[in-house]
Amino acid sequence: MNSKTVEARQMLIKTKTTDWFGTEYTMNMYRGCDHGCIYCDSRSECYQIENFDSVVYKENGLVLLNQELQSKRKKGIVGFGAASDAYNHLDKKIGLTKKVLTLLDQHGFGISLATKSAILTRDIAEYKQIQVHSPVNLGFSFSTSIDRVAAKIERHVSLPSERFQAIEACKDNGLYCGILLMPVLPYITDSWKLMADLIMKAHEVQADYIYPMFGMTLRDRQKEHYFNALQKISKPIADQYEKNYKNTYFFPAENYEQLSYNFKNLCTKLGIVYEMSEIITNYQKPYQIEQERLF
């Protein structure tokens, strides 16, 4: 091993429920993330990722993953990119995510992936190949649609405008693709004007869904990192957090109920899905129908 690798004991983790985008397994090829998002919950102590801003990859990950996929009697959907974004700057160089997709295709598994990076478009052909036999869901994470705001709070990742272009490219290739609107940051990205702008841009690129979280998580070292970053970006906003934070795990958007009401109304008007159950049904149903025909 070198300084950029770690040894993995297991790759596929069976999920307790399929409530999160219908995934039956989760996995990460990388540990840590170099996107520089000041609010990232994966910094929290419970994830046990030291030196979070430095990305390392699992040296034996592909071999293990191949063995584990081969041993599964029941095919399923693999959730990818939760604790660490699969499309980080290291992956741009070494391309492990493309190799993971090839293995999922070879073994007949589907995928639900979350990312903030437009690098995903590099692997559109692999996603299309998986979609021939299994469900594919591609979720692009946003906290704002405004490039200049994102540049301050998500410093080293694709700008929102680039992510919208990536969604458009995915949709042009017939892939099921939407937006994870999370977190919505209190006092920063929680105005209705900003949210309406994001919804309209999502509609323009024909995103299949927007799944929101109207607020953010704050705990232990993640909270400390976030508050320190806010002091450098905007002391008045940092002071608002210090004043109003109630030492709870979840910090809701200031106008949570009105924001949620407006969000649902506009999405409904534009025909954009936002309920998790409907998102899961929409991207999995074609394959369930095909299975029913076979039997």
# chains A, B, ... in the order shown; residues from 1 in each chain; ligands from 1
>>> select_by_dssp(residues="range 88-123 of chain A", states="strand (DSSP E)", output="VMD selection string")
chain A and resid 110 to 115
>>> closest_atom_pairs(of="range 161-230 of chain A", to="range 276-289 of chain A", cutoff="9 Å", atoms="only C-alpha atoms", output="Markdown table")
| residue | atom | partner | partner_atom | distance |
| --- | --- | --- | --- | --- |
| A:Tyr176 | CA | A:Tyr283 | CA | 6.6 |
| A:Asp208 | CA | A:Ile279 | CA | 8.2 |
| A:Tyr209 | CA | A:Ile279 | CA | 6.9 |
| A:Tyr211 | CA | A:Met276 | CA | 7.1 |
>>> residues_around(residues="range 177-191 of chain A", least_positions_apart="6", cutoff="7 Å", atoms="only C-alpha atoms", output="ChimeraX atom specification")
/A:137-144,167,170-171,207-216,237,252-254
>>> closest_residue(among="A:Tyr87, A:Tyr30, A:Tyr226, A:Phe52", to="Ile153 in chain A", atoms="only C-alpha atoms")
A:Tyr226
>>> residues_around(residues="Gln131 in chain A", least_positions_apart="5", cutoff="10 Å", atoms="only C-alpha atoms", output="list in words")
Asp105, Gly108, Phe109, Gly110, Ile111, Ala125, Glu126, Val136, Asn137, Gly174, Leu175, Tyr176, Tyr283 and Tyr287 of chain A
>>> residues_around(residues="Asn262 in chain A", least_positions_apart="4", cutoff="9 Å", atoms="only C-alpha atoms", output="PDB file with C-alpha atoms, in the first residue's frame")
ATOM      1  CA  TRP A 192     -37.658  30.909  -1.821  1.00  0.00           C
ATOM      2  CA  ALA A 196     -37.490  28.613  -7.237  1.00  0.00           C
ATOM      3  CA  GLU A 257     -43.016  25.071   6.450  1.00  0.00           C
ATOM      4  CA  GLN A 258     -43.553  27.849   3.898  1.00  0.00           C
ATOM      5  CA  LEU A 266     -44.144  24.544  -7.977  1.00  0.00           C
ATOM      6  CA  CYS A 267     -42.851  20.998  -8.509  1.00  0.00           C
TER       7      CYS A 267
END
>>> closest_atom_pairs(of="range 89-123 of chain A", to="range 2-16 of chain A", cutoff="12 Å", atoms="only C-alpha atoms", output="JSON lines")
{"residue": "A:Leu90", "atom": "CA", "partner": "A:Lys4", "partner_atom": "CA", "distance": 9.3}
{"residue": "A:Asp91", "atom": "CA", "partner": "A:Lys4", "partner_atom": "CA", "distance": 11.8}
{"residue": "A:Ile94", "atom": "CA", "partner": "A:Lys4", "partner_atom": "CA", "distance": 11.6}
{"residue": "A:Val100", "atom": "CA", "partner": "A:Met11", "partner_atom": "CA", "distance": 11.0}
{"residue": "A:Leu104", "atom": "CA", "partner": "A:Leu12", "partner_atom": "CA", "distance": 11.6}
{"residue": "A:Phe109", "atom": "CA", "partner": "A:Leu12", "partner_atom": "CA", "distance": 11.9}
>>> write_last_selection(atoms="C-alpha atoms", output="compact mmCIF listing (two decimals), in the first residue's frame")
# COMPACT_ATOMS: atom_id res chain seq x y z
CA LEU A 90 -8.40 11.13 -7.80
CA ASP A 91 -11.00 9.20 -9.79
CA ILE A 94 -7.34 6.62 -12.09
CA VAL A 100 -16.89 -0.57 -10.72
CA LEU A 104 -21.92 -4.18 -11.88
CA PHE A 109 -26.65 -5.39 -10.78
>>> closest_residue(among="A:Leu259, A:Leu103, A:Leu96, A:Cys33", to="Asn51 in chain A", atoms="only C-alpha atoms")
A:Cys33
>>> select_by_dssp(residues="range 8-138 of chain A", states="alpha helix (DSSP H)", output="ChimeraX atom specification")
/A:61-71,89-94,96-107,124-131
>>> residues_around(residues="Ile146 in chain A", least_positions_apart="3", cutoff="12 Å", atoms="only C-alpha atoms", output="VMD selection string")
chain A and resid 142 to 143 149 to 154 158 to 164 188 to 189 193 to 199 201
>>> decode(residues="range 165-206 of chain A", atoms="N, CA and C atoms", output="PDB file, in the first residue's frame")
ATOM      1  N   GLN A 165     -25.705  20.974 -16.711  1.00  0.00           N
ATOM      2  CA  GLN A 165     -25.308  20.502 -18.040  1.00  0.00           C
ATOM      3  C   GLN A 165     -25.133  18.986 -18.038  1.00  0.00           C
ATOM      4  N   ALA A 166     -24.604  18.456 -16.945  1.00  0.00           N
ATOM      5  CA  ALA A 166     -24.420  17.007 -16.833  1.00  0.00           C
ATOM      6  C   ALA A 166     -25.760  16.286 -16.781  1.00  0.00           C
ATOM      7  N   ILE A 167     -26.726  16.854 -16.056  1.00  0.00           N
ATOM      8  CA  ILE A 167     -28.074  16.273 -16.012  1.00  0.00           C
ATOM      9  C   ILE A 167     -28.670  16.252 -17.417  1.00  0.00           C
ATOM     10  N   GLU A 168     -28.507  17.354 -18.127  1.00  0.00           N
ATOM     11  CA  GLU A 168     -29.040  17.436 -19.488  1.00  0.00           C
ATOM     12  C   GLU A 168     -28.421  16.364 -20.382  1.00  0.00           C
ATOM     13  N   ALA A 169     -27.110  16.140 -20.225  1.00  0.00           N
ATOM     14  CA  ALA A 169     -26.426  15.116 -21.025  1.00  0.00           C
ATOM     15  C   ALA A 169     -26.957  13.721 -20.681  1.00  0.00           C
ATOM     16  N   CYS A 170     -27.189  13.474 -19.388  1.00  0.00           N
ATOM     17  CA  CYS A 170     -27.730  12.175 -18.967  1.00  0.00           C
ATOM     18  C   CYS A 170     -29.125  11.955 -19.545  1.00  0.00           C
ATOM     19  N   LYS A 171     -29.953  12.992 -19.471  1.00  0.00           N
ATOM     20  CA  LYS A 171     -31.320  12.881 -19.993  1.00  0.00           C
ATOM     21  C   LYS A 171     -31.315  12.700 -21.511  1.00  0.00           C
ATOM     22  N   ASP A 172     -30.411  13.372 -22.205  1.00  0.00           N
ATOM     23  CA  ASP A 172     -30.300  13.222 -23.660  1.00  0.00           C
ATOM     24  C   ASP A 172     -29.952  11.787 -24.036  1.00  0.00           C
ATOM     25  N   ASN A 173     -29.333  11.062 -23.087  1.00  0.00           N
ATOM     26  CA  ASN A 173     -28.950   9.668 -23.323  1.00  0.00           C
ATOM     27  C   ASN A 173     -29.928   8.675 -22.697  1.00  0.00           C
ATOM     28  N   GLY A 174     -31.092   9.179 -22.299  1.00  0.00           N
ATOM     29  CA  GLY A 174     -32.141   8.292 -21.823  1.00  0.00           C
ATOM     30  C   GLY A 174     -31.958   7.742 -20.432  1.00  0.00           C
ATOM     31  N   LEU A 175     -31.135   8.393 -19.614  1.00  0.00           N
ATOM     32  CA  LEU A 175     -30.887   7.920 -18.256  1.00  0.00           C
ATOM     33  C   LEU A 175     -31.822   8.600 -17.258  1.00  0.00           C
ATOM     34  N   TYR A 176     -32.225   7.861 -16.246  1.00  0.00           N
ATOM     35  CA  TYR A 176     -33.066   8.407 -15.177  1.00  0.00           C
ATOM     36  C   TYR A 176     -32.169   9.240 -14.263  1.00  0.00           C
ATOM     37  N   CYS A 177     -32.496  10.515 -14.099  1.00  0.00           N
ATOM     38  CA  CYS A 177     -31.547  11.429 -13.460  1.00  0.00           C
ATOM     39  C   CYS A 177     -32.287  12.572 -12.771  1.00  0.00           C
ATOM     40  N   GLY A 178     -31.888  12.883 -11.529  1.00  0.00           N
ATOM     41  CA  GLY A 178     -32.545  13.954 -10.801  1.00  0.00           C
ATOM     42  C   GLY A 178     -31.622  14.670  -9.843  1.00  0.00           C
ATOM     43  N   ILE A 179     -32.239  15.380  -8.896  1.00  0.00           N
ATOM     44  CA  ILE A 179     -31.507  16.259  -7.994  1.00  0.00           C
ATOM     45  C   ILE A 179     -31.783  15.907  -6.542  1.00  0.00           C
ATOM     46  N   LEU A 180     -30.721  15.839  -5.754  1.00  0.00           N
ATOM     47  CA  LEU A 180     -30.828  15.763  -4.305  1.00  0.00           C
ATOM     48  C   LEU A 180     -30.596  17.176  -3.787  1.00  0.00           C
ATOM     49  N   LEU A 181     -31.658  17.838  -3.405  1.00  0.00           N
ATOM     50  CA  LEU A 181     -31.562  19.217  -2.915  1.00  0.00           C
ATOM     51  C   LEU A 181     -31.248  19.157  -1.419  1.00  0.00           C
ATOM     52  N   MET A 182     -29.971  18.997  -1.123  1.00  0.00           N
ATOM     53  CA  MET A 182     -29.573  18.841   0.273  1.00  0.00           C
ATOM     54  C   MET A 182     -28.079  19.061   0.438  1.00  0.00           C
ATOM     55  N   PRO A 183     -27.723  19.733   1.515  1.00  0.00           N
ATOM     56  CA  PRO A 183     -28.623  20.380   2.454  1.00  0.00           C
ATOM     57  C   PRO A 183     -29.058  21.763   1.966  1.00  0.00           C
ATOM     58  N   VAL A 184     -30.221  22.193   2.448  1.00  0.00           N
ATOM     59  CA  VAL A 184     -30.632  23.589   2.280  1.00  0.00           C
ATOM     60  C   VAL A 184     -30.130  24.323   3.525  1.00  0.00           C
ATOM     61  N   LEU A 185     -29.191  25.225   3.339  1.00  0.00           N
ATOM     62  CA  LEU A 185     -28.471  25.826   4.458  1.00  0.00           C
ATOM     63  C   LEU A 185     -29.223  27.021   5.049  1.00  0.00           C
ATOM     64  N   PRO A 186     -29.559  26.970   6.334  1.00  0.00           N
ATOM     65  CA  PRO A 186     -30.215  28.108   6.984  1.00  0.00           C
ATOM     66  C   PRO A 186     -29.406  29.393   6.808  1.00  0.00           C
ATOM     67  N   TYR A 187     -30.104  30.487   6.470  1.00  0.00           N
ATOM     68  CA  TYR A 187     -29.547  31.835   6.321  1.00  0.00           C
ATOM     69  C   TYR A 187     -28.648  31.993   5.083  1.00  0.00           C
ATOM     70  N   ILE A 188     -28.457  30.908   4.305  1.00  0.00           N
ATOM     71  CA  ILE A 188     -27.573  30.994   3.138  1.00  0.00           C
ATOM     72  C   ILE A 188     -28.304  30.618   1.852  1.00  0.00           C
ATOM     73  N   THR A 189     -28.899  29.433   1.815  1.00  0.00           N
ATOM     74  CA  THR A 189     -29.545  28.974   0.581  1.00  0.00           C
ATOM     75  C   THR A 189     -31.032  28.665   0.786  1.00  0.00           C
ATOM     76  N   ASP A 190     -31.613  29.178   1.873  1.00  0.00           N
ATOM     77  CA  ASP A 190     -32.991  28.808   2.193  1.00  0.00           C
ATOM     78  C   ASP A 190     -34.028  29.864   1.803  1.00  0.00           C
ATOM     79  N   SER A 191     -33.690  30.770   0.889  1.00  0.00           N
ATOM     80  CA  SER A 191     -34.706  31.731   0.423  1.00  0.00           C
ATOM     81  C   SER A 191     -35.526  31.098  -0.692  1.00  0.00           C
ATOM     82  N   TRP A 192     -36.810  31.463  -0.777  1.00  0.00           N
ATOM     83  CA  TRP A 192     -37.658  30.909  -1.821  1.00  0.00           C
ATOM     84  C   TRP A 192     -37.179  31.327  -3.210  1.00  0.00           C
ATOM     85  N   LYS A 193     -36.638  32.527  -3.338  1.00  0.00           N
ATOM     86  CA  LYS A 193     -36.135  32.993  -4.628  1.00  0.00           C
ATOM     87  C   LYS A 193     -35.048  32.060  -5.160  1.00  0.00           C
ATOM     88  N   LEU A 194     -34.122  31.663  -4.292  1.00  0.00           N
ATOM     89  CA  LEU A 194     -33.052  30.751  -4.697  1.00  0.00           C
ATOM     90  C   LEU A 194     -33.601  29.374  -5.039  1.00  0.00           C
ATOM     91  N   MET A 195     -34.546  28.906  -4.230  1.00  0.00           N
ATOM     92  CA  MET A 195     -35.092  27.576  -4.465  1.00  0.00           C
ATOM     93  C   MET A 195     -35.907  27.527  -5.753  1.00  0.00           C
ATOM     94  N   ALA A 196     -36.697  28.565  -6.009  1.00  0.00           N
ATOM     95  CA  ALA A 196     -37.490  28.613  -7.237  1.00  0.00           C
ATOM     96  C   ALA A 196     -36.575  28.628  -8.465  1.00  0.00           C
ATOM     97  N   ASP A 197     -35.440  29.318  -8.353  1.00  0.00           N
ATOM     98  CA  ASP A 197     -34.476  29.352  -9.450  1.00  0.00           C
ATOM     99  C   ASP A 197     -33.955  27.944  -9.737  1.00  0.00           C
ATOM    100  N   LEU A 198     -33.649  27.190  -8.697  1.00  0.00           N
ATOM    101  CA  LEU A 198     -33.152  25.819  -8.870  1.00  0.00           C
ATOM    102  C   LEU A 198     -34.219  24.934  -9.513  1.00  0.00           C
ATOM    103  N   ILE A 199     -35.454  25.050  -9.050  1.00  0.00           N
ATOM    104  CA  ILE A 199     -36.532  24.228  -9.596  1.00  0.00           C
ATOM    105  C   ILE A 199     -36.744  24.522 -11.084  1.00  0.00           C
ATOM    106  N   MET A 200     -36.719  25.787 -11.447  1.00  0.00           N
ATOM    107  CA  MET A 200     -36.920  26.153 -12.846  1.00  0.00           C
ATOM    108  C   MET A 200     -35.773  25.644 -13.725  1.00  0.00           C
ATOM    109  N   LYS A 201     -34.551  25.724 -13.222  1.00  0.00           N
ATOM    110  CA  LYS A 201     -33.401  25.218 -13.982  1.00  0.00           C
ATOM    111  C   LYS A 201     -33.469  23.694 -14.119  1.00  0.00           C
ATOM    112  N   ALA A 202     -33.936  23.028 -13.057  1.00  0.00           N
ATOM    113  CA  ALA A 202     -34.112  21.573 -13.121  1.00  0.00           C
ATOM    114  C   ALA A 202     -35.145  21.206 -14.176  1.00  0.00           C
ATOM    115  N   HIS A 203     -36.193  21.989 -14.249  1.00  0.00           N
ATOM    116  CA  HIS A 203     -37.239  21.754 -15.245  1.00  0.00           C
ATOM    117  C   HIS A 203     -36.699  21.951 -16.660  1.00  0.00           C
ATOM    118  N   GLU A 204     -35.854  22.950 -16.843  1.00  0.00           N
ATOM    119  CA  GLU A 204     -35.296  23.242 -18.167  1.00  0.00           C
ATOM    120  C   GLU A 204     -34.460  22.068 -18.699  1.00  0.00           C
ATOM    121  N   VAL A 205     -33.738  21.385 -17.799  1.00  0.00           N
ATOM    122  CA  VAL A 205     -32.905  20.260 -18.249  1.00  0.00           C
ATOM    123  C   VAL A 205     -33.634  18.924 -18.123  1.00  0.00           C
ATOM    124  N   GLN A 206     -34.929  18.973 -17.790  1.00  0.00           N
ATOM    125  CA  GLN A 206     -35.801  17.796 -17.735  1.00  0.00           C
ATOM    126  C   GLN A 206     -35.393  16.791 -16.666  1.00  0.00           C
TER     127      GLN A 206
END
